[in-house]
>>> print(open('entry.csv').read())   # CSV, C-alpha atoms
chain,number,residue,atom,x,y,z
J,1,LEU,CA,7.1,-49.6,0.3
J,2,PRO,CA,5.2,-52.6,1.7
J,3,GLY,CA,1.7,-52.9,0.2
J,4,LEU,CA,-0.9,-55.1,-1.5
J,5,SER,CA,-1.0,-56.1,-5.1
J,6,ASN,CA,-3.7,-53.6,-5.9
J,7,SER,CA,-2.0,-50.7,-4.0
J,8,LYS,CA,-1.2,-47.6,-5.9
J,9,CYS,CA,1.7,-45.3,-5.4
J,10,CYS,CA,0.7,-41.7,-4.5
J,11,VAL,CA,3.3,-39.0,-4.7
J,12,GLY,CA,2.7,-35.6,-3.3
J,13,ARG,CA,4.0,-32.2,-4.3
J,14,ASP,CA,6.9,-32.7,-1.9
J,15,GLY,CA,8.0,-35.8,-3.7
J,16,VAL,CA,7.3,-38.1,-0.8
J,17,PRO,CA,5.5,-41.3,-1.9
J,18,THR,CA,2.8,-43.3,-0.1
J,19,LEU,CA,0.7,-46.3,-1.0
J,20,CYS,CA,-3.1,-46.0,-1.4
J,21,GLY,CA,-5.6,-48.9,-1.3
J,22,GLY,CA,-7.1,-50.3,-4.4
J,23,GLY,CA,-10.3,-48.3,-4.2
J,24,ASP,CA,-8.8,-45.1,-2.9
J,25,VAL,CA,-8.0,-42.0,-4.9
J,26,CYS,CA,-4.6,-40.1,-4.7
J,27,CYS,CA,-5.1,-36.4,-4.2
J,28,ASP,CA,-1.8,-34.4,-3.9
J,29,GLY,CA,-0.1,-37.1,-1.9
J,30,LEU,CA,-3.1,-38.0,0.2
J,31,CYS,CA,-5.3,-41.1,-0.1
J,32,VAL,CA,-9.0,-40.4,0.0
J,33,VAL,CA,-12.1,-42.5,-0.4
J,34,LYS,CA,-13.3,-42.9,-4.0
J,35,GLY,CA,-15.9,-40.3,-4.8
J,36,THR,CA,-14.4,-37.7,-2.5
J,37,GLY,CA,-11.5,-35.3,-2.6
J,38,CYS,CA,-10.3,-34.7,-6.1
J,39,ALA,CA,-12.3,-37.6,-7.6
J,40,LYS,CA,-13.6,-36.9,-11.1
J,41,LYS,CA,-17.0,-38.3,-10.1
J,42,CYS,CA,-18.4,-37.3,-6.7
J,43,LEU,CA,-20.5,-39.4,-4.4
J,44,PRO,CA,-24.2,-38.6,-4.0
J,45,GLY,CA,-24.7,-35.5,-1.8
J,46,MET,CA,-21.6,-33.9,-3.2
J,47,ILE,CA,-20.8,-31.7,-6.2
J,48,PRO,CA,-17.5,-30.9,-7.9
J,49,CYS,CA,-16.3,-27.4,-7.1
J,50,GLY,CA,-12.8,-26.0,-7.6
J,51,GLY,CA,-11.4,-29.4,-8.2
J,52,ARG,CA,-12.8,-30.9,-5.1
J,53,CYS,CA,-16.0,-32.8,-4.1
J,54,MET,CA,-18.0,-30.7,-1.7
J,55,PHE,CA,-21.1,-31.4,0.2
J,56,ALA,CA,-24.2,-29.8,-1.2
J,57,SER,CA,-28.0,-29.9,-0.9
J,58,LYS,CA,-30.5,-29.8,-3.7
J,59,GLY,CA,-30.3,-26.5,-5.6
J,60,ASP,CA,-26.9,-25.6,-4.3
J,61,PHE,CA,-24.3,-24.6,-6.9
J,62,CYS,CA,-20.6,-24.0,-7.1
J,63,CYS,CA,-19.3,-20.4,-6.9
J,64,MET,CA,-15.8,-20.1,-8.3
J,65,ALA,CA,-13.3,-17.4,-7.3
J,66,PRO,CA,-11.9,-15.0,-9.9
J,67,SER,CA,-8.7,-17.0,-10.0
J,68,ASN,CA,-10.7,-20.0,-11.0
J,69,GLN,CA,-8.6,-22.2,-8.7
J,70,ALA,CA,-10.9,-22.4,-5.7
J,71,GLY,CA,-14.6,-22.6,-5.1
J,72,ILE,CA,-17.4,-22.5,-2.5
J,73,VAL,CA,-20.9,-24.0,-2.5
J,74,CYS,CA,-23.7,-21.4,-2.4
J,75,GLY,CA,-27.2,-22.1,-1.4
J,76,ALA,CA,-30.2,-22.2,-3.7
J,77,GLY,CA,-31.4,-18.7,-4.7
J,78,SER,CA,-28.2,-16.9,-3.6
J,79,ALA,CA,-25.9,-15.0,-5.9
J,80,CYS,CA,-22.2,-15.8,-6.6
J,81,CYS,CA,-20.2,-12.6,-6.5
J,82,GLY,CA,-16.5,-13.1,-7.2
J,83,GLY,CA,-16.2,-16.3,-5.1
J,84,VAL,CA,-18.5,-15.0,-2.4
J,85,CYS,CA,-22.1,-16.1,-1.7
J,86,ALA,CA,-24.6,-13.1,-1.5
J,87,ALA,CA,-28.2,-13.2,-0.5
J,88,ALA,CA,-30.7,-12.8,-3.2
J,89,GLY,CA,-31.2,-9.1,-4.1
J,90,THR,CA,-27.9,-8.1,-2.6
J,91,GLY,CA,-24.3,-8.0,-3.8
J,92,CYS,CA,-24.1,-8.5,-7.6
J,93,SER,CA,-27.6,-9.8,-7.9
J,94,LYS,CA,-29.7,-8.9,-10.9
J,95,PRO,CA,-32.2,-7.4,-10.2
J,96,CYS,CA,-31.6,-5.8,-6.8
J,97,GLY,CA,-34.0,-6.3,-4.0
J,98,PRO,CA,-36.4,-3.7,-2.6
J,99,GLY,CA,-34.7,-0.6,-1.2
J,100,MET,CA,-31.5,-1.4,-3.2
J,101,LEU,CA,-30.2,0.2,-6.3
J,102,SER,CA,-27.6,-1.2,-8.7
J,103,CYS,CA,-24.5,1.0,-8.8
J,104,GLY,CA,-21.0,0.0,-9.8
J,105,GLY,CA,-22.0,-3.6,-10.4
J,106,VAL,CA,-23.4,-4.1,-6.9
J,107,CYS,CA,-26.7,-3.5,-5.1
J,108,LEU,CA,-26.5,-0.6,-2.6
J,109,PRO,CA,-29.1,0.6,-0.1
J,110,GLY,CA,-30.6,3.9,-1.2
J,111,ALA,CA,-33.8,5.9,-1.8
J,112,SER,CA,-35.7,5.8,-5.1
J,113,ASP,CA,-34.3,9.3,-6.1
J,114,SER,CA,-30.7,8.5,-5.2
J,115,ILE,CA,-28.1,9.0,-8.0
J,116,CYS,CA,-25.4,6.4,-8.8
J,117,CYS,CA,-22.0,8.1,-8.9
J,118,GLU,CA,-19.3,5.9,-10.4
J,119,GLY,CA,-15.6,6.6,-10.1
J,120,PRO,CA,-12.7,5.9,-12.5
J,121,THR,CA,-12.3,2.3,-11.2
J,122,GLY,CA,-15.9,1.4,-11.9
J,123,CYS,CA,-16.9,1.3,-8.2
J,124,GLY,CA,-19.9,3.4,-7.3
J,125,VAL,CA,-21.6,5.3,-4.5
J,126,LEU,CA,-25.1,6.6,-4.1
J,127,CYS,CA,-25.6,10.4,-3.9
J,128,GLY,CA,-28.6,12.0,-2.5
J,129,ALA,CA,-31.2,13.8,-4.6
J,130,GLY,CA,-30.0,17.3,-5.7
J,131,SER,CA,-26.3,16.5,-5.2
J,132,ARG,CA,-23.6,16.4,-7.8
J,133,CYS,CA,-21.4,13.5,-8.9
J,134,MET,CA,-17.8,14.3,-9.8
J,135,GLY,CA,-15.2,11.6,-10.1
J,136,GLY,CA,-17.0,9.1,-7.8
J,137,LEU,CA,-17.6,11.7,-5.1
J,138,CYS,CA,-20.9,13.4,-4.0
J,139,PHE,CA,-20.8,17.2,-3.8
J,140,ALA,CA,-23.6,19.4,-2.4
J,141,LYS,CA,-25.2,21.7,-5.0
J,142,GLY,CA,-22.9,24.7,-5.6
J,143,PHE,CA,-19.7,22.9,-4.5
J,144,GLY,CA,-17.2,20.8,-6.4
J,145,ASN,CA,-16.5,23.2,-9.2
J,146,HIS,CA,-13.1,21.6,-9.8
J,147,LEU,CA,-12.6,17.9,-10.5
J,148,PRO,CA,-10.3,15.9,-8.2
J,149,PHE,CA,-7.1,14.7,-9.7
J,150,TRP,CA,-8.4,11.2,-10.1
J,151,ALA,CA,-11.7,12.2,-11.8
J,152,ASN,CA,-10.3,11.6,-15.3
J,153,MET,CA,-8.0,8.8,-14.5
J,154,LYS,CA,-8.3,5.9,-17.0
J,155,LEU,CA,-7.4,2.5,-15.7
J,156,PRO,CA,-5.4,0.5,-16.6
J,157,ASN,CA,-2.5,1.8,-18.7
J,158,LYS,CA,-4.2,5.0,-19.7
J,159,THR,CA,-3.2,8.6,-19.4
J,160,VAL,CA,-3.9,10.5,-16.2
J,161,THR,CA,-5.3,14.0,-16.5
J,162,PRO,CA,-3.6,16.3,-13.9
J,163,PHE,CA,-5.5,18.4,-11.4
J,164,ALA,CA,-8.0,20.6,-13.2
J,165,GLY,CA,-8.3,23.3,-10.5
J,166,PRO,CA,-6.7,26.7,-10.5
J,167,SER,CA,-2.9,26.6,-11.0
J,168,LYS,CA,-0.8,27.7,-8.1
J,169,ALA,CA,2.9,28.3,-7.9
J,170,PRO,CA,4.7,25.3,-6.4
J,171,LEU,CA,6.0,25.8,-3.0
J,172,PRO,CA,9.8,25.7,-2.6
J,173,LEU,CA,11.2,22.8,-0.8
J,174,VAL,CA,13.1,25.2,1.5
J,175,ALA,CA,12.0,28.8,2.1
J,176,PRO,CA,14.7,31.2,0.9
J,177,ALA,CA,14.6,33.0,4.2
J,178,LEU,CA,15.6,29.8,6.0
J,179,ILE,CA,18.7,29.3,3.9
J,180,ALA,CA,21.5,31.0,5.8
J,181,THR,CA,24.7,31.8,4.0
J,182,VAL,CA,27.7,30.8,6.1
J,183,ALA,CA,30.6,33.2,5.6
J,184,PRO,CA,34.0,31.5,5.2
J,185,VAL,CA,36.0,31.3,8.3
J,186,ALA,CA,39.0,33.7,8.1
J,187,THR,CA,42.4,32.0,8.4
J,188,LEU,CA,44.3,33.5,11.4
J,189,ALA,CA,48.0,34.2,10.7
J,190,PRO,CA,50.3,32.7,13.3
J,191,ALA,CA,51.4,35.2,16.0
J,192,THR,CA,55.1,36.4,15.7
J,193,THR,CA,56.9,37.1,18.9
J,194,ALA,CA,59.2,40.1,18.4
J,195,PRO,CA,62.4,40.3,20.5
J,196,ALA,CA,62.0,42.5,23.5
J,197,SER,CA,63.8,45.8,23.4
J,198,PRO,CA,64.5,47.8,26.5
J,199,SER,CA,62.3,50.8,26.8
J,200,PRO,CA,63.8,54.1,27.8
J,201,ALA,CA,61.3,54.5,30.5
J,202,THR,CA,62.2,51.2,32.0
J,203,THR,CA,66.0,51.4,31.7
J,204,PRO,CA,67.6,51.6,35.1
J,205,VAL,CA,69.3,54.9,35.8
J,206,VAL,CA,72.7,54.7,37.6
J,207,ALA,CA,73.3,57.5,40.1
J,208,ALA,CA,76.2,59.7,39.2
J,209,ALA,CA,77.4,59.5,42.8
J,210,ALA,CA,77.4,55.8,42.7
J,211,SER,CA,79.4,55.7,39.5
J,212,THR,CA,82.2,58.1,40.7
J,213,THR,CA,85.5,56.4,41.3
J,214,ALA,CA,86.9,57.3,44.7
J,215,ALA,CA,90.5,58.8,44.6
J,216,PRO,CA,93.2,56.9,46.4
J,217,THR,CA,94.1,58.3,49.9
J,218,THR,CA,97.7,59.6,50.4
J,219,ALA,CA,99.3,59.1,53.8
J,220,SER,CA,100.7,62.2,55.3
>>> encode(input="entry.csv", output="structure tokens")
Amino acid sequence: LPGLSNSKCCVGRDGVPTLCGGGDVCCDGLCVVKGTGCAKKCLPGMIPCGGRCMFASKGDFCCMAPSNQAGIVCGAGSACCGGVCAAAGTGCSKPCGPGMLSCGGVCLPGASDSICCEGPTGCGVLCGAGSRCMGGLCFAKGFGNHLPFWANMKLPNKTVTPFAGPSKAPLPLVAPALIATVAPVATLAPATTAPASPSPATTPVVAAAASTTAAPTTAS
């Protein structure tokens, strides 16, 4: 490739090369100004976050995602919750703000007498005063005598307790009354044609007079 003596070859992930200037930085096949992009040392007014130089103000900080491969800059005083910036006192803040209660690792709006009800996954919901928490669900007093099937579920790779309610006979896939028994089709024997025999009632009767042989006439 044509270039200057201080040019640097920059090859991207697709294998296509390009030449960068002497003071530029190669970032995944792109030429960026020194102190930006994937530079190890960022320019003033920028902070490294997720492998990139990002603009930030005083007090801002980098909030990395759970994958630890990407990040975002959050403002001063906010909270970083799994790669998301949350306002102070909300989200996963500690402590929670006024009118918020910590439940399941996050701040939820609720009353001072609300009850945190956490499910098998660790997420929570706030139940009202006097209610009952069972398996991450809120039941009114006097209800919810049987745990839902996921109440005792242990995650991950744990045993799952089946439904703890009253046992019932399983329903058949097909009702017996709906199963009709088809009788086998009878095989019909081929019809045999018997030779016709004359019936006495239908036999023509020859008159006796018609069957009498006339005597020859003798000339006198």
>>> residues_around(input="entry.csv", residues="range 50-52 of chain J", least_positions_apart="2", cutoff="8 Å", atoms="all atoms listed in the file", output="PyMOL selection string")
chain J and resi 36-39+48+54+64+68-72
>>> atom_distance(input="entry.csv", atom1="CA of Cys127 in chain J", atom2="CA of Cys92 in chain J")
19.3 Å
>>> residues_around(input="entry.csv", residues="Pro44 in chain J", least_positions_apart="2", cutoff="12 Å", atoms="only C-alpha atoms", output="compact mmCIF listing (two decimals) with C-alpha atoms, in the coordinates of the input")
# COMPACT_ATOMS: atom_id res chain seq x y z
CA LYS J 34 -13.30 -42.90 -4.00
CA GLY J 35 -15.90 -40.30 -4.80
CA THR J 36 -14.40 -37.70 -2.50
CA LYS J 41 -17.00 -38.30 -10.10
CA CYS J 42 -18.40 -37.30 -6.70
CA MET J 46 -21.60 -33.90 -3.20
CA ILE J 47 -20.80 -31.70 -6.20
CA PRO J 48 -17.50 -30.90 -7.90
CA CYS J 53 -16.00 -32.80 -4.10
CA MET J 54 -18.00 -30.70 -1.70
CA PHE J 55 -21.10 -31.40 0.20
CA ALA J 56 -24.20 -29.80 -1.20
CA SER J 57 -28.00 -29.90 -0.90
CA LYS J 58 -30.50 -29.80 -3.70
>>> atom_distance(input="entry.csv", atom1="CA of Phe61 in chain J", atom2="CA of Gly124 in chain J")
28.3 Å
>>> closest_residue(input="entry.csv", among="J:Cys27, J:Leu43, J:Met100, J:Cys63", to="Val84 in chain J", atoms="only C-alpha atoms")
J:Cys63
>>> atom_distance(input="entry.csv", atom1="CA of Val25 in chain J", atom2="CA of Cys9 in chain J")
10.3 Å
>>> decode(input="entry.csv", residues="range 34-91 of chain J", atoms="C-alpha atoms", output="short mmCIF file (atom, residue, chain, number, x, y, z; two decimals), in the first residue's frame")
data_model
loop_
_atom_site.label_atom_id
_atom_site.label_comp_id
_atom_site.auth_asym_id
_atom_site.auth_seq_id
_atom_site.Cartn_x
_atom_site.Cartn_y
_atom_site.Cartn_z
CA LYS J 34 -4.19 9.22 19.41
CA GLY J 35 -5.94 9.35 22.80
CA THR J 36 -9.32 8.26 21.44
CA GLY J 37 -10.88 4.96 20.40
CA CYS J 38 -9.02 2.03 21.91
CA ALA J 39 -6.04 4.07 23.04
CA LYS J 40 -4.49 2.98 26.31
CA LYS J 41 -4.26 6.57 27.51
CA CYS J 42 -7.29 8.77 26.81
CA LEU J 43 -7.28 12.48 26.08
CA PRO J 44 -8.39 14.96 28.75
CA GLY J 45 -12.18 14.96 29.07
CA MET J 46 -12.35 11.24 28.30
CA ILE J 47 -12.14 8.13 30.46
CA PRO J 48 -11.47 4.49 29.47
CA CYS J 49 -14.59 2.34 29.66
CA GLY J 50 -15.14 -1.04 28.06
CA GLY J 51 -11.94 -0.80 26.08
CA ARG J 52 -12.83 2.57 24.58
CA CYS J 53 -12.20 6.22 25.43
CA MET J 54 -15.52 7.91 26.24
CA PHE J 55 -16.39 11.50 26.99
CA ALA J 56 -17.02 12.16 30.67
CA SER J 57 -17.42 15.03 33.08
CA LYS J 58 -15.91 15.40 36.51
CA GLY J 59 -17.29 12.74 38.84
CA ASP J 60 -18.54 10.50 36.05
CA PHE J 61 -17.56 6.86 36.19
CA CYS J 62 -17.55 3.78 33.97
CA CYS J 63 -20.39 1.28 34.39
CA MET J 64 -19.53 -2.13 32.94
CA ALA J 65 -22.06 -4.68 31.72
CA PRO J 66 -22.19 -8.17 33.27
CA SER J 67 -20.31 -9.53 30.23
CA ASN J 68 -17.46 -7.14 31.09
CA GLN J 69 -17.05 -6.43 27.36
CA ALA J 70 -18.93 -3.14 27.06
CA GLY J 71 -19.46 -0.14 29.28
CA ILE J 72 -21.34 3.12 29.67
CA VAL J 73 -20.47 6.33 31.48
CA CYS J 74 -22.78 7.17 34.41
CA GLY J 75 -23.15 10.58 35.97
CA ALA J 76 -21.85 11.50 39.38
CA GLY J 77 -24.07 10.26 42.21
CA SER J 78 -25.89 7.65 40.12
CA ALA J 79 -25.70 3.90 40.59
CA CYS J 80 -24.41 1.28 38.16
CA CYS J 81 -26.82 -1.66 37.98
CA GLY J 82 -25.68 -4.37 35.59
CA GLY J 83 -24.50 -1.99 32.90
CA VAL J 84 -27.40 0.44 33.38
CA CYS J 85 -27.20 3.85 35.08
CA ALA J 86 -29.86 4.33 37.77
CA ALA J 87 -30.70 7.48 39.67
CA ALA J 88 -29.51 7.68 43.25
CA GLY J 89 -31.85 5.83 45.62
CA THR J 90 -33.35 3.69 42.85
CA GLY J 91 -32.37 0.51 41.06
#
